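Have a look at the structure below before the remarks.
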Amino acid sequence: MTKVAHNDHLEVLLTPTRLGSLALPNRIVMSPLTRCRAGPNFAATDMMSEYYAQRAEAGLIVTEGIPVSPQAVGYAGVSGLWSDDLARSWRKVTEAVHEKGGRIVAQLWHVGRLSDPIFLEGETPVAPSALPPNGTVTMVRPKRPWVTPRALRADEMPQIVEQFATAARMALSAGFDGIEIHGANGYLFDQFLQGSSNIRTDEYGGAPENRMRLLLEVVDRLSDLWPADRIGVHLSPRSGHSVSDPDPEGLFCAVAEALSTRALAFLYLREARAADSVAPKMRALFKGGFVLNEKLTTQTGAEVIRSGAADAVGFGKPFIANPDLVDRVAQNFPLSDPKPETFYSGGAEGYTDYPRFNGAVS
């Protein structure tokens with residue numbers, strides 16, 4: 001077990017805040033975590049309901065990435081949100097969280113080129129440009145390289161926008177408190193944003209305002225369906241999954257400024273603190289709620305809040321192993337360590353069987 005710092009220092013994590021119209025009782029956000037526990041036909045399961053309800057003390061839960069269409073899938077065992085049946089399966093999750101007093105937003109996801117024909121009924125993955133990622137297909141064995149994706153045509157962009165609109169409507173039907181657009185980690189929107197994966201010469205490529213066009217079209221479309229102050233966007237300025245940009249600061253500051261004009265609830269940034277951090281400048285440009293995540297401990301998370309660098313902080317692996325993370329922070333209890341071998345194993349082990357702390361400190 002990992003001992004937490006003295007509770008007096010961490011009290012700031014337990015203070016209320018707001019992200020748009022979302023009122024959070026504390027500043028500890030559960031980060032989106034792919035866990036591959038969905039049932040047949042991409043449905044959310046009772047085990048997923050239990051998992052999220054166990055963690056309802058979080059100031060806000062951001063779900064695992066939820067593919068917005070069959071074309072958006074890139075992993076086995078993920079749950080979709082493109083039909084009434086799938087919305088009904090997720091409604092069980094939101095009701096379980098709400099019964100425990102929690103708040104939960106759906107992270108809407110399209111993986112773009114980070115997929116494989118085995119997940120797409122033989123179809124080729126789509127991307128801004130016909131450039132494959134480096135490395136091998138995630139979690140597929142035996143290992144094999146990524147296929148070269150098919151570059152989306154400009155006349156297909158409205159179809160992508162409408163895939164997100166359908167998922168946003170389904171999220172409303174499912175009873176979510178808000179939605180978050182997944183624009184990070186080398187997935188579709190990140191592929192459009194960053195220069196290494198987008199070599200288009202049309203209105204969706206070239207200058208930053210063109211590369212962010214699809215993301216902004218989706219944001220604007222979803223704002224027709226949801227109040228803008230219940231919509232967030234997830235970004236990761238550093239390279240990852242074979243995407244990078246020669247001017248990340250210029251690019252992501254431009255994105256932050258454009259998103260700020262939309263009066264969104266929050267911007268969620270995955271960026272570990274370092275000398276090249278873009279977060280401080282993005283924080284100054286984005287006028288909504290600001291959430292920081294990546295490699296934070298409860299102590300460094302508290303420091304982030306105290307410094308004014310963010311309104312809330314996200315935790316991933318600590319929430320996997322500590323369903324009662326908020327209570328452990330409040331009571332100065334030690335933190336349990338996760339078991340990585342069970343992250344994607346598909347059963348209850350390492351998913352719903354982590355216990356709450358019983359108060360006994362050895």
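Identifiers in this document derive from the order of the structure tokens: chains are assigned A, B, ..., residues are numbered from 1 separately in each chain, and ligands are numbered from 1 in order of occurrence.
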Near segment 350-356 of chain A, 10 Å: segment 47-149 of chain A residue rows, closest pairs, only C-alpha atoms, as CSV:
```
residue,atom,partner,partner_atom,distance
A:Met47,CA,A:Thr352,CA,7.4
A:Met48,CA,A:Thr352,CA,8.4
A:Ser49,CA,A:Thr352,CA,9.8
A:Glu50,CA,A:Thr352,CA,6.9
A:Tyr51,CA,A:Thr352,CA,5.3
A:Tyr52,CA,A:Thr352,CA,9.0
A:Ala53,CA,A:Thr352,CA,9.9
A:Gln54,CA,A:Thr352,CA,7.9
```
Could you dump the residues just selected with all heavy atoms as a short mmCIF file (atom, residue, chain, number, x, y, z; two decimals), in the first residue's frame?
```cif
data_model
loop_
_atom_site.label_atom_id
_atom_site.label_comp_id
_atom_site.auth_asym_id
_atom_site.auth_seq_id
_atom_site.Cartn_x
_atom_site.Cartn_y
_atom_site.Cartn_z
N MET A 47 -21.82 -5.66 -14.38
CA MET A 47 -20.52 -5.53 -13.71
C MET A 47 -19.96 -4.12 -13.89
O MET A 47 -19.36 -3.56 -12.97
CB MET A 47 -19.54 -6.58 -14.27
CG MET A 47 -18.21 -6.60 -13.55
SD MET A 47 -17.22 -8.08 -13.94
CE MET A 47 -17.06 -7.93 -15.72
N MET A 48 -20.19 -3.53 -15.05
CA MET A 48 -19.77 -2.14 -15.26
C MET A 48 -20.56 -1.19 -14.37
O MET A 48 -20.01 -0.22 -13.83
CB MET A 48 -19.92 -1.77 -16.73
CG MET A 48 -18.95 -2.49 -17.64
SD MET A 48 -19.33 -2.34 -19.41
CE MET A 48 -19.22 -0.57 -19.66
N SER A 49 -21.85 -1.45 -14.19
CA SER A 49 -22.66 -0.63 -13.28
C SER A 49 -22.10 -0.67 -11.87
O SER A 49 -21.98 0.36 -11.19
CB SER A 49 -24.11 -1.12 -13.27
OG SER A 49 -24.71 -0.99 -14.53
N GLU A 50 -21.73 -1.88 -11.42
CA GLU A 50 -21.16 -2.02 -10.08
C GLU A 50 -19.84 -1.27 -9.97
O GLU A 50 -19.58 -0.57 -8.98
CB GLU A 50 -20.96 -3.50 -9.78
CG GLU A 50 -20.37 -3.76 -8.39
CD GLU A 50 -20.10 -5.24 -8.12
OE1 GLU A 50 -20.38 -6.07 -9.03
OE2 GLU A 50 -19.61 -5.56 -7.03
N TYR A 51 -19.00 -1.40 -10.98
CA TYR A 51 -17.68 -0.77 -10.99
C TYR A 51 -17.79 0.75 -10.86
O TYR A 51 -17.13 1.37 -10.01
CB TYR A 51 -16.98 -1.16 -12.29
CG TYR A 51 -15.73 -0.39 -12.64
CD1 TYR A 51 -14.52 -0.65 -12.02
CD2 TYR A 51 -15.75 0.56 -13.67
CE1 TYR A 51 -13.36 0.02 -12.39
CE2 TYR A 51 -14.61 1.24 -14.04
CZ TYR A 51 -13.41 0.97 -13.40
OH TYR A 51 -12.27 1.64 -13.77
N TYR A 52 -18.63 1.36 -11.68
CA TYR A 52 -18.75 2.82 -11.61
C TYR A 52 -19.44 3.27 -10.33
O TYR A 52 -19.06 4.29 -9.73
CB TYR A 52 -19.47 3.34 -12.85
CG TYR A 52 -18.60 3.37 -14.08
CD1 TYR A 52 -18.82 2.50 -15.14
CD2 TYR A 52 -17.55 4.27 -14.18
CE1 TYR A 52 -18.02 2.53 -16.28
CE2 TYR A 52 -16.73 4.31 -15.30
CZ TYR A 52 -16.97 3.44 -16.34
OH TYR A 52 -16.16 3.48 -17.46
N ALA A 53 -20.45 2.53 -9.87
CA ALA A 53 -21.14 2.91 -8.64
C ALA A 53 -20.20 2.85 -7.44
O ALA A 53 -20.30 3.66 -6.51
CB ALA A 53 -22.34 2.01 -8.41
N GLN A 54 -19.27 1.90 -7.45
CA GLN A 54 -18.30 1.81 -6.36
C GLN A 54 -17.46 3.09 -6.25
O GLN A 54 -16.94 3.40 -5.18
CB GLN A 54 -17.35 0.63 -6.60
CG GLN A 54 -17.95 -0.74 -6.37
CD GLN A 54 -16.99 -1.85 -6.77
OE1 GLN A 54 -16.01 -1.63 -7.49
NE2 GLN A 54 -17.26 -3.07 -6.31
#
```
Tell me which protein, DNA and RNA residues are within 8 Å of Gln191 of chain A, counting only C-alpha atoms, leaving out same-chain ones fewer than 6 positions away, and put them as a short mmCIF file (atom, residue, chain, number, x, y, z; two decimals) with all heavy atoms, in the first residue's frame.
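Printed below is around.cif as written:
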```
data_model
loop_
_atom_site.label_atom_id
_atom_site.label_comp_id
_atom_site.auth_asym_id
_atom_site.auth_seq_id
_atom_site.Cartn_x
_atom_site.Cartn_y
_atom_site.Cartn_z
N GLY A 112 -10.19 6.36 -35.07
CA GLY A 112 -9.54 6.65 -36.33
C GLY A 112 -8.65 5.52 -36.80
O GLY A 112 -9.08 4.37 -36.89
N ALA A 127 -8.80 7.79 -41.33
CA ALA A 127 -7.90 8.75 -40.72
C ALA A 127 -7.89 10.02 -41.57
O ALA A 127 -8.43 10.03 -42.68
CB ALA A 127 -6.49 8.16 -40.63
N PRO A 128 -7.24 11.08 -41.09
CA PRO A 128 -7.12 12.27 -41.95
C PRO A 128 -6.27 12.01 -43.18
O PRO A 128 -6.55 12.55 -44.26
CB PRO A 128 -6.48 13.31 -41.03
CG PRO A 128 -5.87 12.54 -39.92
CD PRO A 128 -6.73 11.33 -39.75
N SER A 197 0.44 13.38 -38.52
CA SER A 197 -0.59 12.45 -38.99
C SER A 197 -1.59 13.10 -39.94
O SER A 197 -2.49 12.42 -40.44
CB SER A 197 -1.34 11.84 -37.80
OG SER A 197 -1.76 12.84 -36.89
N ASN A 198 -1.45 14.38 -40.18
CA ASN A 198 -2.37 15.11 -41.06
C ASN A 198 -1.56 15.88 -42.09
O ASN A 198 -0.97 16.92 -41.79
CB ASN A 198 -3.23 16.07 -40.24
CG ASN A 198 -4.28 16.79 -41.10
OD1 ASN A 198 -4.23 16.77 -42.33
ND2 ASN A 198 -5.22 17.45 -40.44
N VAL A 243 1.63 10.34 -33.00
CA VAL A 243 1.28 11.68 -33.46
C VAL A 243 2.18 12.69 -32.76
O VAL A 243 2.56 12.51 -31.60
CB VAL A 243 -0.20 12.04 -33.20
CG1 VAL A 243 -1.12 11.10 -33.97
CG2 VAL A 243 -0.54 12.03 -31.72
#
```
Strand (DSSP E) residues, from DSSP on the backbone, in segment 138-307 of chain A, as number ranges by chain: A: 150-151, 178-182, 231-235, 266-270, 289-293
Keeping only N, CA, C and O atoms, write the selected residues to a file as an mmCIF file, in the first residue's frame.
```cif
data_model
loop_
_atom_site.group_PDB
_atom_site.id
_atom_site.type_symbol
_atom_site.label_atom_id
_atom_site.label_comp_id
_atom_site.auth_asym_id
_atom_site.auth_seq_id
_atom_site.Cartn_x
_atom_site.Cartn_y
_atom_site.Cartn_z
ATOM 1 N N ARG A 150 -7.407 4.466 -44.505
ATOM 2 C CA ARG A 150 -7.974 5.168 -45.652
ATOM 3 C C ARG A 150 -8.210 6.626 -45.276
ATOM 4 O O ARG A 150 -8.830 6.915 -44.243
ATOM 5 N N ALA A 151 -7.710 7.544 -46.092
ATOM 6 C CA ALA A 151 -7.929 8.964 -45.819
ATOM 7 C C ALA A 151 -9.398 9.321 -46.056
ATOM 8 O O ALA A 151 -9.965 9.007 -47.108
ATOM 9 N N GLY A 178 -23.424 14.735 -18.597
ATOM 10 C CA GLY A 178 -22.722 15.533 -19.590
ATOM 11 C C GLY A 178 -21.974 14.609 -20.528
ATOM 12 O O GLY A 178 -22.072 13.377 -20.434
ATOM 13 N N ILE A 179 -21.236 15.211 -21.449
ATOM 14 C CA ILE A 179 -20.444 14.436 -22.400
ATOM 15 C C ILE A 179 -19.061 15.064 -22.522
ATOM 16 O O ILE A 179 -18.881 16.276 -22.307
ATOM 17 N N GLU A 180 -18.095 14.222 -22.857
ATOM 18 C CA GLU A 180 -16.741 14.691 -23.128
ATOM 19 C C GLU A 180 -16.311 14.135 -24.481
ATOM 20 O O GLU A 180 -16.441 12.932 -24.741
ATOM 21 N N ILE A 181 -15.796 14.993 -25.344
ATOM 22 C CA ILE A 181 -15.299 14.582 -26.648
ATOM 23 C C ILE A 181 -13.838 14.183 -26.504
ATOM 24 O O ILE A 181 -13.011 14.966 -26.024
ATOM 25 N N HIS A 182 -13.511 12.966 -26.911
ATOM 26 C CA HIS A 182 -12.147 12.451 -26.778
ATOM 27 C C HIS A 182 -11.301 12.965 -27.948
ATOM 28 O O HIS A 182 -11.359 12.437 -29.061
ATOM 29 N N ILE A 231 -20.628 20.119 -21.730
ATOM 30 C CA ILE A 231 -19.754 19.475 -22.706
ATOM 31 C C ILE A 231 -18.304 19.782 -22.359
ATOM 32 O O ILE A 231 -17.947 20.936 -22.088
ATOM 33 N N GLY A 232 -17.458 18.755 -22.389
ATOM 34 C CA GLY A 232 -16.027 18.932 -22.199
ATOM 35 C C GLY A 232 -15.260 18.360 -23.372
ATOM 36 O O GLY A 232 -15.809 17.611 -24.191
ATOM 37 N N VAL A 233 -13.988 18.717 -23.468
ATOM 38 C CA VAL A 233 -13.092 18.195 -24.506
ATOM 39 C C VAL A 233 -11.807 17.728 -23.839
ATOM 40 O O VAL A 233 -11.273 18.402 -22.952
ATOM 41 N N HIS A 234 -11.329 16.565 -24.258
ATOM 42 C CA HIS A 234 -10.119 15.937 -23.710
ATOM 43 C C HIS A 234 -8.998 16.086 -24.730
ATOM 44 O O HIS A 234 -9.147 15.684 -25.892
ATOM 45 N N LEU A 235 -7.863 16.642 -24.334
ATOM 46 C CA LEU A 235 -6.728 16.869 -25.223
ATOM 47 C C LEU A 235 -5.435 16.388 -24.576
ATOM 48 O O LEU A 235 -5.338 16.308 -23.349
ATOM 49 N N PHE A 266 -15.741 22.322 -19.604
ATOM 50 C CA PHE A 266 -14.366 22.093 -19.158
ATOM 51 C C PHE A 266 -13.473 21.633 -20.298
ATOM 52 O O PHE A 266 -13.938 21.098 -21.314
ATOM 53 N N LEU A 267 -12.195 21.853 -20.093
ATOM 54 C CA LEU A 267 -11.137 21.296 -20.916
ATOM 55 C C LEU A 267 -10.335 20.369 -20.014
ATOM 56 O O LEU A 267 -9.910 20.749 -18.924
ATOM 57 N N TYR A 268 -10.173 19.132 -20.467
ATOM 58 C CA TYR A 268 -9.482 18.095 -19.687
ATOM 59 C C TYR A 268 -8.166 17.818 -20.395
ATOM 60 O O TYR A 268 -8.151 17.374 -21.537
ATOM 61 N N LEU A 269 -7.061 18.090 -19.715
ATOM 62 C CA LEU A 269 -5.753 18.001 -20.342
ATOM 63 C C LEU A 269 -4.934 16.872 -19.743
ATOM 64 O O LEU A 269 -4.680 16.847 -18.537
ATOM 65 N N ARG A 270 -4.528 15.942 -20.616
ATOM 66 C CA ARG A 270 -3.578 14.916 -20.195
ATOM 67 C C ARG A 270 -2.178 15.421 -20.528
ATOM 68 O O ARG A 270 -1.741 15.391 -21.669
ATOM 69 N N GLY A 289 -13.958 25.534 -17.056
ATOM 70 C CA GLY A 289 -13.289 24.693 -16.075
ATOM 71 C C GLY A 289 -12.083 23.997 -16.687
ATOM 72 O O GLY A 289 -12.052 23.708 -17.891
ATOM 73 N N PHE A 290 -11.093 23.716 -15.851
ATOM 74 C CA PHE A 290 -9.832 23.153 -16.337
ATOM 75 C C PHE A 290 -9.455 21.982 -15.440
ATOM 76 O O PHE A 290 -9.376 22.122 -14.222
ATOM 77 N N VAL A 291 -9.235 20.816 -16.073
ATOM 78 C CA VAL A 291 -8.866 19.598 -15.348
ATOM 79 C C VAL A 291 -7.523 19.120 -15.869
ATOM 80 O O VAL A 291 -7.316 19.032 -17.083
ATOM 81 N N LEU A 292 -6.606 18.814 -14.944
ATOM 82 C CA LEU A 292 -5.298 18.279 -15.318
ATOM 83 C C LEU A 292 -5.173 16.833 -14.864
ATOM 84 O O LEU A 292 -5.694 16.447 -13.814
ATOM 85 N N ASN A 293 -4.438 16.057 -15.645
ATOM 86 C CA ASN A 293 -4.276 14.633 -15.381
ATOM 87 C C ASN A 293 -2.943 14.179 -15.968
ATOM 88 O O ASN A 293 -2.406 14.811 -16.852
#
```
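Once Leu296 of chain A and its same-chain neighbours fewer than 3 positions away are set aside, Glu271, Ala272, Arg273, Leu292, Asn293, Gln299, Thr300, Gly301, Ala302, Glu303, Val304, Val313, Gly314, Phe315, Gly316 and Pro318 of chain A remain within 10 Å of it when counting only C-alpha atoms.
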Given only C-alpha atoms as the counted atoms, nearest of A:Leu251, A:Met282, A:Ala165, A:Ala96 to Asp190 of chain A: A:Leu251
Residue contacts of segment 117-125 of chain A (12 Å, only C-alpha atoms) excluding same-chain residues fewer than 5 positions away, as a PyMOL selection string: chain A and resi 42+67+69-78+110-112+130-133+137-138+140-141+144-152+187-188
Selection: 9 Å around segment 341-343 of chain A, only C-alpha atoms, excl. self and same-chain fewer than 6 positions, as a PyMOL selection string: chain A and resi 34-36+320+349-351
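Among the candidate residues A:Arg88, A:Ala184, A:Glu95, A:Asp202, the one lying nearest to Met170 of chain A is A:Arg88, with distances computed using only C-alpha atoms.
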Pairwise distance for atom CA of Ala58 of chain A and atom CA of Gly102 of chain A, rounded to one decimal in Å: 7.0 Å
Residues flagged helix (DSSP H, G or I) by DSSP in segment 113-199 of chain A, as a PyMOL selection string: chain A and resi 117-119+154-174+188-193
Nearby residues (only C-alpha atoms) at most 10 Å from Gly205 of chain A, same-chain spacing under 4 positions excluded, as a VMD selection string: chain A and resid 128 to 129 192 to 195 198 to 201 209 to 213
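Of the listed residues (A:Ser277, A:Thr166, A:Ser21, A:Ser196), A:Ser277 comes nearest to Ala309 of chain A; the distances count only C-alpha atoms.
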